[in-house]
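Structure data (compact mmCIF, C-alpha atoms) from final-v7.txt:
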# COMPACT_ATOMS: atom_id res chain seq x y z
CA MET A 1 4.42 -26.09 -9.28
CA ARG A 2 1.32 -25.06 -7.38
CA VAL A 3 1.59 -21.74 -5.56
CA LEU A 4 -0.93 -20.59 -3.01
CA MET A 5 -0.99 -16.81 -2.60
CA MET A 6 -2.54 -15.38 0.56
CA SER A 7 -3.42 -11.88 1.70
CA THR A 8 -4.81 -10.17 4.73
CA PRO A 9 -8.30 -8.79 3.97
CA VAL A 10 -7.24 -5.39 2.63
CA PRO A 11 -7.03 -5.04 -1.18
CA THR A 12 -4.03 -2.70 -0.99
CA HIS A 13 -2.13 -5.37 0.95
CA PHE A 14 -2.54 -7.72 -2.01
CA ALA A 15 -1.78 -5.23 -4.79
CA PRO A 16 2.04 -5.42 -4.41
CA LEU A 17 1.87 -9.21 -4.92
CA VAL A 18 0.00 -9.07 -8.22
CA PRO A 19 3.04 -8.64 -10.56
CA LEU A 20 4.72 -11.59 -8.84
CA ALA A 21 1.57 -13.66 -9.39
CA TRP A 22 1.78 -12.81 -13.08
CA GLY A 23 5.46 -13.75 -13.12
CA LEU A 24 4.74 -17.09 -11.46
CA ARG A 25 2.03 -17.90 -13.97
CA ALA A 26 4.25 -16.89 -16.89
CA ALA A 27 6.94 -19.20 -15.51
CA GLY A 28 4.50 -22.11 -15.60
CA ALA A 29 3.15 -22.21 -12.06
CA GLU A 30 -0.47 -22.74 -11.12
CA VAL A 31 -1.48 -19.86 -8.87
CA LEU A 32 -4.48 -19.80 -6.56
CA VAL A 33 -5.20 -16.73 -4.43
CA THR A 34 -7.05 -17.23 -1.17
CA ALA A 35 -8.18 -14.49 1.16
CA GLN A 36 -11.29 -13.16 2.81
CA PRO A 37 -13.92 -11.78 0.41
CA ASP A 38 -12.62 -8.18 0.75
CA VAL A 39 -9.73 -9.03 -1.61
CA MET A 40 -11.60 -11.00 -4.26
CA PRO A 41 -12.58 -8.01 -6.49
CA MET A 42 -8.91 -7.10 -6.85
CA VAL A 43 -8.03 -10.74 -7.55
CA ARG A 44 -10.53 -10.78 -10.41
CA THR A 45 -9.33 -7.39 -11.68
CA ALA A 46 -5.81 -8.83 -11.86
CA GLY A 47 -7.04 -11.79 -13.94
CA LEU A 48 -6.21 -14.31 -11.22
CA VAL A 49 -8.11 -17.25 -9.79
CA GLY A 50 -9.39 -16.69 -6.26
CA ALA A 51 -10.91 -18.84 -3.52
CA PRO A 52 -12.61 -16.75 -0.83
CA VAL A 53 -12.39 -17.98 2.75
CA GLY A 54 -14.25 -16.78 5.83
CA GLU A 55 -16.30 -13.62 6.25
CA LYS A 56 -15.73 -10.13 4.90
CA LEU A 57 -13.86 -7.97 7.41
CA ASP A 58 -14.78 -4.55 5.98
CA GLY A 59 -11.90 -2.87 7.74
CA ASP A 60 -12.95 0.66 6.77
CA LYS A 61 -16.33 0.23 8.44
CA HIS A 62 -14.57 -1.08 11.52
CA LEU A 63 -12.15 1.85 11.57
CA LEU A 64 -14.94 4.36 11.04
CA SER A 65 -16.57 3.20 14.28
CA PHE A 66 -13.51 4.46 16.20
CA LEU A 67 -13.59 7.94 14.66
CA THR A 68 -15.50 10.65 16.50
CA GLU A 69 -17.27 13.85 15.45
CA GLY A 70 -16.44 13.45 11.77
CA ARG A 71 -12.69 13.48 12.42
CA ARG A 72 -10.16 11.62 10.30
CA PRO A 73 -7.64 9.04 11.64
CA LEU A 74 -4.85 11.59 12.04
CA GLU A 75 -7.06 13.52 14.49
CA CYS A 76 -8.14 10.47 16.52
CA PHE A 77 -5.41 7.85 16.67
CA THR A 78 -2.24 7.96 18.69
CA ARG A 79 0.95 7.85 16.67
CA PHE A 80 2.92 4.92 18.04
CA PRO A 81 6.66 5.21 18.67
CA PRO A 82 8.83 2.99 16.42
CA GLU A 83 9.27 0.27 19.07
CA GLU A 84 5.47 -0.19 19.38
CA MET A 85 4.62 -0.53 15.69
CA GLY A 86 4.11 -4.28 16.12
CA PHE A 87 0.66 -3.31 17.42
CA TYR A 88 -0.53 -3.08 13.82
CA GLY A 89 -0.05 -6.81 13.37
CA ARG A 90 -2.51 -7.75 16.11
CA VAL A 91 -5.69 -7.54 14.06
CA TRP A 92 -4.12 -9.90 11.51
CA MET A 93 -3.18 -12.34 14.28
CA ASP A 94 -6.85 -12.40 15.24
CA GLN A 95 -7.88 -12.99 11.62
CA ALA A 96 -5.38 -15.84 11.33
CA ARG A 97 -6.85 -17.46 14.43
CA THR A 98 -10.39 -17.05 13.08
CA ASN A 99 -9.72 -18.48 9.61
CA ILE A 100 -6.86 -20.96 10.04
CA HIS A 101 -8.95 -24.13 9.88
CA ALA A 102 -10.80 -23.03 6.73
CA TYR A 103 -7.47 -22.10 5.12
CA LEU A 104 -5.99 -25.45 6.13
CA GLU A 105 -8.90 -27.33 4.59
CA LEU A 106 -8.44 -25.46 1.31
CA ALA A 107 -4.66 -25.99 1.33
CA ARG A 108 -4.96 -29.71 2.01
CA GLN A 109 -7.37 -30.05 -0.90
CA TRP A 110 -5.27 -27.99 -3.32
CA GLN A 111 -1.86 -29.25 -2.14
CA PRO A 112 0.40 -26.28 -2.91
CA GLN A 113 4.18 -26.63 -2.98
CA LEU A 114 4.86 -22.99 -2.12
CA ILE A 115 2.98 -20.23 -0.30
CA VAL A 116 3.45 -16.51 -0.99
CA ALA A 117 1.75 -14.05 1.34
CA ASP A 118 1.81 -10.43 2.41
CA GLN A 119 3.95 -9.36 5.33
CA VAL A 120 1.40 -9.81 8.13
CA GLU A 121 -0.52 -12.86 6.89
CA TYR A 122 0.24 -15.25 9.77
CA ALA A 123 -2.08 -18.08 8.75
CA SER A 124 0.32 -18.62 5.84
CA LEU A 125 3.15 -19.48 8.26
CA LEU A 126 1.00 -21.93 10.18
CA ILE A 127 -0.17 -23.65 6.99
CA GLY A 128 3.38 -23.86 5.69
CA GLY A 129 4.48 -25.44 8.96
CA VAL A 130 1.68 -28.00 8.96
CA LEU A 131 2.18 -28.96 5.30
CA GLY A 132 5.98 -28.76 5.44
CA ILE A 133 6.32 -26.28 2.55
CA PRO A 134 8.20 -22.97 2.31
CA VAL A 135 6.42 -19.67 2.88
CA ILE A 136 7.55 -16.42 1.28
CA HIS A 137 6.44 -13.11 2.73
CA HIS A 138 6.20 -10.01 0.54
CA ARG A 139 6.50 -6.54 2.06
CA TRP A 140 4.38 -3.58 0.94
CA GLY A 141 7.24 -1.04 0.99
CA VAL A 142 8.82 0.98 3.80
CA ASP A 143 8.28 -1.42 6.69
CA PRO A 144 8.25 -0.38 10.35
CA ILE A 145 5.77 -3.13 11.25
CA SER A 146 6.50 -6.70 10.18
CA ASP A 147 9.64 -7.50 12.19
CA LEU A 148 8.10 -6.33 15.46
CA ALA A 149 4.71 -7.84 14.67
CA LEU A 150 6.22 -11.24 13.83
CA HIS A 151 8.01 -11.23 17.19
CA GLU A 152 4.69 -10.54 18.94
CA ALA A 153 2.87 -13.13 16.82
CA ARG A 154 5.20 -15.86 18.05
CA THR A 155 3.82 -15.28 21.55
CA GLU A 156 0.25 -14.46 20.58
CA LEU A 157 -0.18 -17.52 18.34
CA ALA A 158 1.93 -19.99 20.34
CA ASP A 159 -1.13 -21.87 21.58
CA LEU A 160 -2.58 -22.14 18.07
CA ALA A 161 0.74 -23.42 16.72
CA GLU A 162 0.82 -26.04 19.46
CA GLU A 163 -2.76 -27.06 18.67
CA LEU A 164 -1.64 -27.65 15.07
CA GLY A 165 1.30 -29.79 16.17
CA LEU A 166 4.01 -27.17 15.66
CA ASP A 167 6.77 -26.16 18.05
CA GLY A 168 5.96 -22.51 17.39
CA LEU A 169 5.07 -20.05 14.67
CA PRO A 170 7.41 -20.78 11.73
CA THR A 171 9.62 -18.13 10.18
CA PRO A 172 9.26 -17.11 6.51
CA ALA A 173 11.76 -18.89 4.27
CA GLN A 174 12.38 -15.55 2.58
CA THR A 175 11.06 -11.99 2.69
CA LEU A 176 10.71 -10.12 -0.59
CA ASP A 177 11.14 -6.36 -0.36
CA PRO A 178 9.96 -3.95 -3.10
CA CYS A 179 11.30 -0.93 -1.22
CA PRO A 180 14.53 0.48 -2.69
CA PRO A 181 17.29 -0.27 -0.15
CA SER A 182 18.20 3.41 0.20
CA LEU A 183 14.59 4.18 1.20
CA GLN A 184 14.02 1.31 3.60
CA LEU A 185 14.27 1.89 7.35
CA PRO A 186 17.75 1.03 8.69
CA THR A 187 16.11 -0.89 11.54
CA THR A 188 14.17 -3.19 9.20
CA SER A 189 15.72 -6.61 8.62
CA PRO A 190 17.23 -7.03 5.13
CA GLY A 191 14.94 -8.58 2.56
CA THR A 192 15.38 -9.93 -0.95
CA PRO A 193 14.90 -7.07 -3.44
CA ILE A 194 12.05 -7.30 -5.92
CA ARG A 195 11.25 -4.45 -8.30
CA HIS A 196 7.99 -2.60 -7.79
CA ILE A 197 5.86 -2.88 -10.93
CA PRO A 198 2.84 -0.58 -10.66
CA PHE A 199 -0.50 -2.33 -10.45
CA ASN A 200 -3.31 0.17 -9.98
CA GLY A 201 -6.15 -1.75 -11.59
CA TYR A 202 -7.25 -1.84 -15.21
CA GLY A 203 -8.40 0.83 -17.65
CA GLU A 204 -7.41 2.65 -20.81
CA PRO A 205 -5.36 5.79 -21.42
CA PRO A 206 -7.69 8.65 -20.44
CA ALA A 207 -8.85 11.25 -22.93
CA TRP A 208 -7.41 13.99 -20.71
CA ARG A 209 -3.82 12.70 -20.89
CA THR A 210 -2.81 15.76 -22.90
CA ARG A 211 -1.74 18.59 -20.61
CA THR A 212 -3.57 21.91 -20.67
CA HIS A 213 -1.06 23.83 -18.50
CA PRO A 214 2.74 24.08 -18.35
CA ARG A 215 2.77 21.84 -15.26
CA ARG A 216 0.60 19.06 -13.90
CA VAL A 217 0.26 17.68 -10.37
CA VAL A 218 -1.71 14.55 -9.51
CA VAL A 219 -3.47 14.44 -6.15
CA THR A 220 -4.39 10.89 -5.17
CA LEU A 221 -5.32 10.51 -1.51
CA GLY A 222 -6.91 7.06 -1.72
CA THR A 223 -10.52 5.97 -1.33
CA ARG A 224 -9.98 5.20 2.36
CA THR A 225 -9.07 8.83 3.09
CA LEU A 226 -12.47 9.94 1.83
CA GLN A 227 -14.38 7.13 3.50
CA LEU A 228 -12.79 7.87 6.88
CA ASN A 229 -14.25 11.36 7.29
CA GLY A 230 -11.72 12.83 4.88
CA VAL A 231 -13.84 15.01 2.58
CA PRO A 232 -12.93 18.32 4.30
CA HIS A 233 -9.26 17.31 4.24
CA VAL A 234 -9.34 16.45 0.52
CA ARG A 235 -11.22 19.67 -0.28
CA ARG A 236 -8.62 21.71 1.59
CA VAL A 237 -5.72 19.97 -0.16
CA LEU A 238 -7.22 20.46 -3.62
CA LYS A 239 -7.93 24.13 -3.10
CA ALA A 240 -4.42 24.68 -1.73
CA CYS A 241 -2.86 22.93 -4.73
CA ALA A 242 -5.06 25.00 -7.04
CA GLN A 243 -3.20 28.12 -5.87
CA VAL A 244 0.04 26.96 -7.52
CA PRO A 245 0.32 29.05 -10.71
CA ASP A 246 0.42 27.61 -14.23
CA THR A 247 -0.40 24.14 -12.90
CA GLU A 248 -3.18 21.73 -13.75
CA ILE A 249 -4.40 19.53 -10.87
CA ILE A 250 -5.60 16.01 -11.61
CA ALA A 251 -7.45 14.57 -8.60
CA THR A 252 -8.45 10.91 -8.50
CA VAL A 253 -11.69 10.88 -6.50
CA THR A 254 -14.54 8.37 -6.44
CA SER A 255 -17.45 10.10 -8.17
CA GLN A 256 -19.79 9.69 -5.18
CA TYR A 257 -17.78 12.40 -3.39
CA TRP A 258 -17.62 14.99 -6.19
CA GLU A 259 -20.75 16.87 -5.16
CA GLU A 260 -19.76 16.85 -1.50
CA LEU A 261 -16.34 18.29 -2.35
CA GLY A 262 -18.09 21.22 -4.00
CA PRO A 263 -17.12 23.43 -6.96
CA MET A 264 -13.48 23.48 -7.97
CA PRO A 265 -11.48 25.91 -10.12
CA SER A 266 -11.46 25.06 -13.83
CA HIS A 267 -7.85 23.85 -13.72
CA VAL A 268 -8.71 21.23 -11.04
CA ARG A 269 -9.94 18.13 -12.85
CA LEU A 270 -11.76 15.51 -10.75
CA VAL A 271 -11.45 12.09 -12.34
CA PRO A 272 -12.62 8.65 -11.19
CA PRO A 273 -9.91 6.40 -9.72
CA THR A 274 -7.67 5.76 -12.73
CA PRO A 275 -4.59 3.51 -12.89
CA LEU A 276 -1.72 5.89 -12.17
CA HIS A 277 0.62 4.21 -14.63
CA LEU A 278 -1.69 5.25 -17.48
CA PHE A 279 -0.96 8.96 -17.05
CA ILE A 280 1.80 9.45 -14.48
CA ASP A 281 4.31 10.18 -17.23
CA THR A 282 2.40 13.42 -17.95
CA CYS A 283 2.81 14.68 -14.36
CA ASP A 284 5.48 16.75 -12.62
CA ALA A 285 4.71 15.89 -8.99
CA MET A 286 2.33 13.86 -6.84
CA VAL A 287 0.45 14.60 -3.62
CA HIS A 288 -0.71 11.48 -1.79
CA HIS A 289 -1.71 9.85 1.49
CA SER A 290 1.64 8.10 1.98
CA GLY A 291 0.41 4.68 0.87
CA SER A 292 3.14 2.22 -0.09
CA SER A 293 1.99 1.30 -3.60
CA THR A 294 1.18 4.92 -4.45
CA MET A 295 4.55 6.14 -3.23
CA LEU A 296 6.48 3.41 -5.07
CA THR A 297 4.53 4.08 -8.27
CA ALA A 298 5.55 7.75 -8.11
CA ALA A 299 9.12 6.76 -7.24
CA THR A 300 9.27 4.41 -10.22
CA ALA A 301 8.28 7.36 -12.43
CA GLY A 302 10.88 9.64 -10.81
CA LEU A 303 8.30 12.11 -9.51
CA PRO A 304 8.80 14.42 -6.51
CA GLN A 305 6.14 13.71 -3.89
CA LEU A 306 4.27 15.38 -1.03
CA ALA A 307 3.13 12.82 1.56
CA LEU A 308 0.19 13.52 3.86
CA PRO A 309 0.14 10.46 6.17
CA GLN A 310 -2.91 9.64 8.27
CA TRP A 311 -1.91 6.67 10.42
CA SER A 312 0.07 3.43 10.86
CA ASP A 313 3.16 2.93 8.67
CA GLN A 314 2.33 6.00 6.56
CA PHE A 315 4.34 8.27 8.86
CA ALA A 316 7.54 6.24 8.47
CA LEU A 317 7.05 6.20 4.70
CA GLY A 318 6.73 9.98 4.57
CA GLU A 319 9.79 10.47 6.77
CA GLN A 320 11.93 8.16 4.64
CA LEU A 321 10.76 9.89 1.48
CA GLN A 322 11.77 13.27 2.89
CA LYS A 323 15.14 11.95 4.06
CA SER A 324 15.82 10.68 0.54
CA GLY A 325 15.38 14.20 -0.82
CA ALA A 326 12.72 12.99 -3.26
CA GLY A 327 9.83 14.62 -1.46
CA LEU A 328 8.32 16.31 1.57
CA THR A 329 5.96 15.17 4.29
CA LEU A 330 3.46 17.04 6.46
CA ASP A 331 2.72 14.59 9.23
CA ASP A 332 0.50 16.30 11.78
CA THR A 333 -2.95 17.87 11.81
CA THR A 334 -1.74 21.44 12.21
CA ARG A 335 0.46 21.34 9.13
CA GLN A 336 -1.97 19.34 6.99
CA ASP A 337 -4.71 21.82 7.82
CA ASP A 338 -2.60 24.79 6.69
CA PRO A 339 -3.43 25.54 3.03
CA THR A 340 -0.48 27.92 2.72
CA LEU A 341 1.95 25.23 3.85
CA ILE A 342 0.50 22.70 1.42
CA HIS A 343 0.67 25.23 -1.41
CA ASN A 344 4.26 26.17 -0.57
CA SER A 345 5.30 22.51 -0.34
CA VAL A 346 3.92 21.71 -3.81
CA GLN A 347 5.53 24.88 -5.15
CA GLN A 348 8.92 23.76 -3.78
CA LEU A 349 8.61 20.34 -5.39
CA LEU A 350 7.97 21.95 -8.76
CA ASP A 351 10.44 24.84 -8.57
CA GLN A 352 13.48 23.35 -6.85
CA PRO A 353 15.41 20.96 -9.15
CA ARG A 354 16.92 19.08 -6.20
CA PHE A 355 13.64 17.25 -5.63
CA ARG A 356 13.42 16.06 -9.23
CA THR A 357 17.08 15.00 -9.17
CA ALA A 358 16.61 12.94 -6.02
CA ALA A 359 13.35 11.46 -7.31
CA GLU A 360 14.95 10.37 -10.57
CA LYS A 361 17.82 8.82 -8.64
CA LEU A 362 15.30 6.82 -6.63
CA GLY A 363 13.58 5.73 -9.83
CA GLN A 364 16.91 4.59 -11.28
CA GLU A 365 17.59 2.56 -8.14
CA ILE A 366 14.28 0.78 -8.59
CA THR A 367 15.21 -0.24 -12.16
CA THR A 368 18.27 -2.09 -10.83
CA MET A 369 16.15 -4.38 -8.64
CA PRO A 370 15.19 -7.87 -9.93
CA THR A 371 11.87 -7.95 -11.75
CA PRO A 372 8.95 -10.04 -10.48
CA ALA A 373 9.51 -12.33 -13.48
CA GLU A 374 13.13 -12.93 -12.46
CA THR A 375 12.07 -13.46 -8.86
CA ALA A 376 9.41 -15.96 -9.94
CA GLU A 377 11.98 -18.02 -11.82
CA HIS A 378 14.20 -18.06 -8.73
CA LEU A 379 11.35 -19.13 -6.44
CA LEU A 380 10.23 -21.93 -8.72
CA HIS A 381 13.62 -23.37 -9.59
CA LYS A 382 16.14 -22.42 -6.92
CA LEU A 383 14.31 -22.11 -3.62
How would this structure read if it were set down as structure tokens?
Amino acid sequence: MRVLMMSTPVPTHFAPLVPLAWGLRAAGAEVLVTAQPDVMPMVRTAGLVGAPVGEKLDGDKHLLSFLTEGRRPLECFTRFPPEEMGFYGRVWMDQARTNIHAYLELARQWQPQLIVADQVEYASLLIGGVLGIPVIHHRWGVDPISDLALHEARTELADLAEELGLDGLPTPAQTLDPCPPSLQLPTTSPGTPIRHIPFNGYGEPPAWRTRTHPRRVVVTLGTRTLQLNGVPHVRRVLKACAQVPDTEIIATVTSQYWEELGPMPSHVRLVPPTPLHLFIDTCDAMVHHSGSSTMLTAATAGLPQLALPQWSDQFALGEQLQKSGAGLTLDDTTRQDDPTLIHNSVQQLLDQPRFRTAAEKLGQEITTMPTPAETAEHLLHKL
């Protein structure tokens, strides 16, 4: 079977699909990934075959233009109420409109029998409708967006669907959900469980895997946090975490920002972005930006987490994590800018066993979910 995988032009939107792509290939399928050029480096990193379509979006550059006076997204963007989260699908509706004909040309040439796409890739639904083949959507994790956005897309893209000879925007044949059911929002439509398998890029076990202190915390706030005026925020977080006694801090930071961050205490180790699964087993807690893949990677390892969301679905993720008992979230500027509160939050995660107990329970729940390999077999033979 030929499977066309599609992604909106954000590499982290494609990352959750990578283990399923491997499973499909192992089950005998031909897999071709198509997306705008933004995603192609990750496609190559994953050892997959990619066909770029359209122009690079460079979403971070676009976002940066909306930020003022060196402020980060949390300081500039309005936090939408739950019923308005469909707004975050609009940019991907525009991208679908821009690229649909190029995608259709590629699909007609390659003739896939199945399409798998991320949760807001709407061109995939149009192509599936035109070619008469099923389309599977794959969520990123905690999902306050896709149901509402799909409802809006049916109106927004109605004219394009009609132009393509369709009665309307088709519905996904199935939605795969890597979020543990107990963590997912109760308002999100049920999906088909698929186990999160961490994919954080390639590398080798780092030389610093061996711990130098009784406890270790990893701080991984994502490259986008730094790019979007986040250096002062990251500096503040690292120095607050450094105040936790008897604890080594591992901070994944692109090397271009090390000098700007300034000197750090000796027990704060700045390291280049390193696949988390190569060292997460040596850690006791994680501090992160509330990104889906990062959170699920920590959950898979049974680690307590502190979430510092900046925008979009990150707030809902942090709230669900805190409700589960497996972590804490600081979700506004005032609290994120308070070093004492950050320090105390990390201290709680390390000192109070209830967080570790809840985190391990979440990790055990993830192990009960079907693997991407099992899901691939189902899609190829039973769909």
Using only C-alpha atoms, find each residue in region 148-233 of chain A having at least one atom no more than 12 Å away from region 120-125 of chain A; report its shortest atom-to-atom pair and that distance in Å (one decimal), rows by chain then rising number, as a tab-separated table.
residue	atom	partner	partner_atom	distance
A:Leu148	CA	A:Val120	CA	10.5
A:Ala149	CA	A:Val120	CA	7.6
A:Leu150	CA	A:Val120	CA	7.6
A:His151	CA	A:Val120	CA	11.3
A:Glu152	CA	A:Tyr122	CA	11.2
A:Ala153	CA	A:Tyr122	CA	7.8
A:Arg154	CA	A:Tyr122	CA	9.7
A:Glu156	CA	A:Tyr122	CA	10.8
A:Leu157	CA	A:Tyr122	CA	8.9
A:Ala158	CA	A:Tyr122	CA	11.7
A:Leu160	CA	A:Ala123	CA	10.2
A:Ala161	CA	A:Leu125	CA	9.6
A:Leu164	CA	A:Ala123	CA	11.5
A:Leu166	CA	A:Leu125	CA	10.7
A:Gly168	CA	A:Leu125	CA	10.0
A:Leu169	CA	A:Leu125	CA	6.7
A:Pro170	CA	A:Leu125	CA	5.6
A:Thr171	CA	A:Leu125	CA	6.9
A:Pro172	CA	A:Leu125	CA	6.8
A:Ala173	CA	A:Leu125	CA	9.5
A:Gln174	CA	A:Leu125	CA	11.5
A:Thr175	CA	A:Val120	CA	11.3
Let me see the file: selected residues, C-alpha atoms, as a PDB file, in the frame of the given file.
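Once everything was written out, this is again27.pdb:
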ATOM      1  CA  LEU A 148       8.100  -6.330  15.460  1.00  0.00           C
ATOM      2  CA  ALA A 149       4.710  -7.840  14.670  1.00  0.00           C
ATOM      3  CA  LEU A 150       6.220 -11.240  13.830  1.00  0.00           C
ATOM      4  CA  HIS A 151       8.010 -11.230  17.190  1.00  0.00           C
ATOM      5  CA  GLU A 152       4.690 -10.540  18.940  1.00  0.00           C
ATOM      6  CA  ALA A 153       2.870 -13.130  16.820  1.00  0.00           C
ATOM      7  CA  ARG A 154       5.200 -15.860  18.050  1.00  0.00           C
ATOM      8  CA  GLU A 156       0.250 -14.460  20.580  1.00  0.00           C
ATOM      9  CA  LEU A 157      -0.180 -17.520  18.340  1.00  0.00           C
ATOM     10  CA  ALA A 158       1.930 -19.990  20.340  1.00  0.00           C
ATOM     11  CA  LEU A 160      -2.580 -22.140  18.070  1.00  0.00           C
ATOM     12  CA  ALA A 161       0.740 -23.420  16.720  1.00  0.00           C
ATOM     13  CA  LEU A 164      -1.640 -27.650  15.070  1.00  0.00           C
ATOM     14  CA  LEU A 166       4.010 -27.170  15.660  1.00  0.00           C
ATOM     15  CA  GLY A 168       5.960 -22.510  17.390  1.00  0.00           C
ATOM     16  CA  LEU A 169       5.070 -20.050  14.670  1.00  0.00           C
ATOM     17  CA  PRO A 170       7.410 -20.780  11.730  1.00  0.00           C
ATOM     18  CA  THR A 171       9.620 -18.130  10.180  1.00  0.00           C
ATOM     19  CA  PRO A 172       9.260 -17.110   6.510  1.00  0.00           C
ATOM     20  CA  ALA A 173      11.760 -18.890   4.270  1.00  0.00           C
ATOM     21  CA  GLN A 174      12.380 -15.550   2.580  1.00  0.00           C
ATOM     22  CA  THR A 175      11.060 -11.990   2.690  1.00  0.00           C
TER      23      THR A 175
END
*Between A:Val33, A:Leu321, A:Val53, A:Leu330, which is the closest to Leu308 (chain A) once you count all atoms listed in the file?*
A:Leu330
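Nearest residue to Pro82 (chain A) among A:Asp147, A:Asp351, A:Glu360, A:Asp281 is A:Asp147, counting only C-alpha atoms.
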*asked:* From the options A:Leu74, A:Ala307, A:Val43, A:Leu57, which residue's atoms come nearest to Asp332 (chain A), counting all atoms listed in the file?
replied: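 Ranked by minimum distance to Asp332 (chain A), first place goes to A:Leu74.
Separating CA of Gly50 (chain A) from CA of His378 (chain A) is a distance of 23.8 Å.
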*Quick one, how far is CA of Ser255 (chain A) from CA of Ala285 (chain A)?*
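Those two atoms sit 22.9 Å apart.
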_Distance query region 364-376 of chain A at most 9 Å, all atoms listed in the file, self and fewer than 5 positions along chain excluded, as a PyMOL selection string_ = chain A and resi 19-27+178-182+193-197+296+299-300+302+359+381
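Across the model, the gap from CA of Val219 (chain A) to CA of Leu270 (chain A) is 9.5 Å.
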I'd like the neighbourhood of Trp140 (chain A) as a PDB file with C-alpha atoms, keeping the file's coordinate frame, where a residue qualifies if any of its atoms comes within 7 Å (using all atoms listed in the file), though same-chain residues fewer than 6 positions away should be ignored.
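Here's the written file selection.pdb:
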ATOM      1  CA  HIS A  13      -2.130  -5.370   0.950  1.00  0.00           C
ATOM      2  CA  PRO A  16       2.040  -5.420  -4.410  1.00  0.00           C
ATOM      3  CA  PRO A 178       9.960  -3.950  -3.100  1.00  0.00           C
ATOM      4  CA  SER A 292       3.140   2.220  -0.090  1.00  0.00           C
TER       5      SER A 292
END
*List every protein, DNA or RNA residue that has at least one atom no more than 8 Å from (-2.0, 25.0, -4.4) in the file's coordinates, counting only C-alpha atoms, and write the result as a PyMOL selection string.*
chain A and resi 237-245+339-340+342-344+346-347
_Option closest in space to Ser7 (chain A), from A:Ile127, A:Ala117, A:Leu104, A:Leu306 [counting all atoms listed in the file]_ =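 Answer, going by the shortest atom-to-atom distance: A:Ala117.
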*For region 311-319 of chain A: contacts at 6 Å, only C-alpha atoms, fewer than 6 positions along chain excluded, given as a PyMOL selection string*: chain A and resi 74+142+290+329
Hey, can I get the axis-aligned box for region 234-244 of chain A? All listed atoms, 4 Å padding on each side, centre and edge lengths in Å to one decimal, as AutoDock Vina command-line options.
--center_x -5.6 --center_y 22.3 --center_z -3.0 --size_x 19.3 --size_y 19.7 --size_z 17.1
*Of the candidates A:Pro73, A:Pro263, A:Gly128, A:Gly191, which one gets nearest to Met5 (chain A) if we count all atoms listed in the file?*
A:Gly128
*Determine the nearest neighbour of Arg269 (chain A) from the options A:Glu248, A:Asp331, A:Pro309, A:Ala29, counting all atoms listed in the file.*
A:Glu248
*Nearby residues (only C-alpha atoms) at most 12 Å from Gly70 (chain A), same-chain spacing under 3 positions excluded, as a ChimeraX atom specification*: /A:64-67,73-76,226-233
Take region 343-351 of chain A, model N, CA, C and O atoms, and hand the result over as a tab-separated table (two decimals), keeping the file's coordinate frame.
chain	number	residue	atom	x	y	z
A	343	HIS	N	0.35	24.52	-0.17
A	343	HIS	CA	0.67	25.23	-1.41
A	343	HIS	C	2.16	25.44	-1.56
A	343	HIS	O	2.75	25.16	-2.62
A	344	ASN	N	2.82	25.90	-0.51
A	344	ASN	CA	4.26	26.17	-0.57
A	344	ASN	C	5.06	24.89	-0.79
A	344	ASN	O	6.09	24.89	-1.47
A	345	SER	N	4.60	23.79	-0.19
A	345	SER	CA	5.30	22.51	-0.34
A	345	SER	C	5.24	22.04	-1.79
A	345	SER	O	6.26	21.60	-2.36
A	346	VAL	N	4.06	22.11	-2.40
A	346	VAL	CA	3.92	21.71	-3.81
A	346	VAL	C	4.75	22.64	-4.69
A	346	VAL	O	5.43	22.19	-5.64
A	347	GLN	N	4.74	23.91	-4.38
A	347	GLN	CA	5.53	24.88	-5.15
A	347	GLN	C	7.02	24.53	-5.10
A	347	GLN	O	7.72	24.59	-6.11
A	348	GLN	N	7.51	24.16	-3.92
A	348	GLN	CA	8.92	23.76	-3.78
A	348	GLN	C	9.24	22.55	-4.66
A	348	GLN	O	10.28	22.52	-5.33
A	349	LEU	N	8.36	21.56	-4.61
A	349	LEU	CA	8.61	20.34	-5.39
A	349	LEU	C	8.75	20.65	-6.88
A	349	LEU	O	9.54	20.03	-7.59
A	350	LEU	N	7.96	21.60	-7.34
A	350	LEU	CA	7.97	21.95	-8.76
A	350	LEU	C	9.12	22.89	-9.13
A	350	LEU	O	9.68	22.79	-10.23
A	351	ASP	N	9.48	23.78	-8.23
A	351	ASP	CA	10.44	24.84	-8.57
A	351	ASP	C	11.88	24.50	-8.24
A	351	ASP	O	12.80	25.08	-8.86
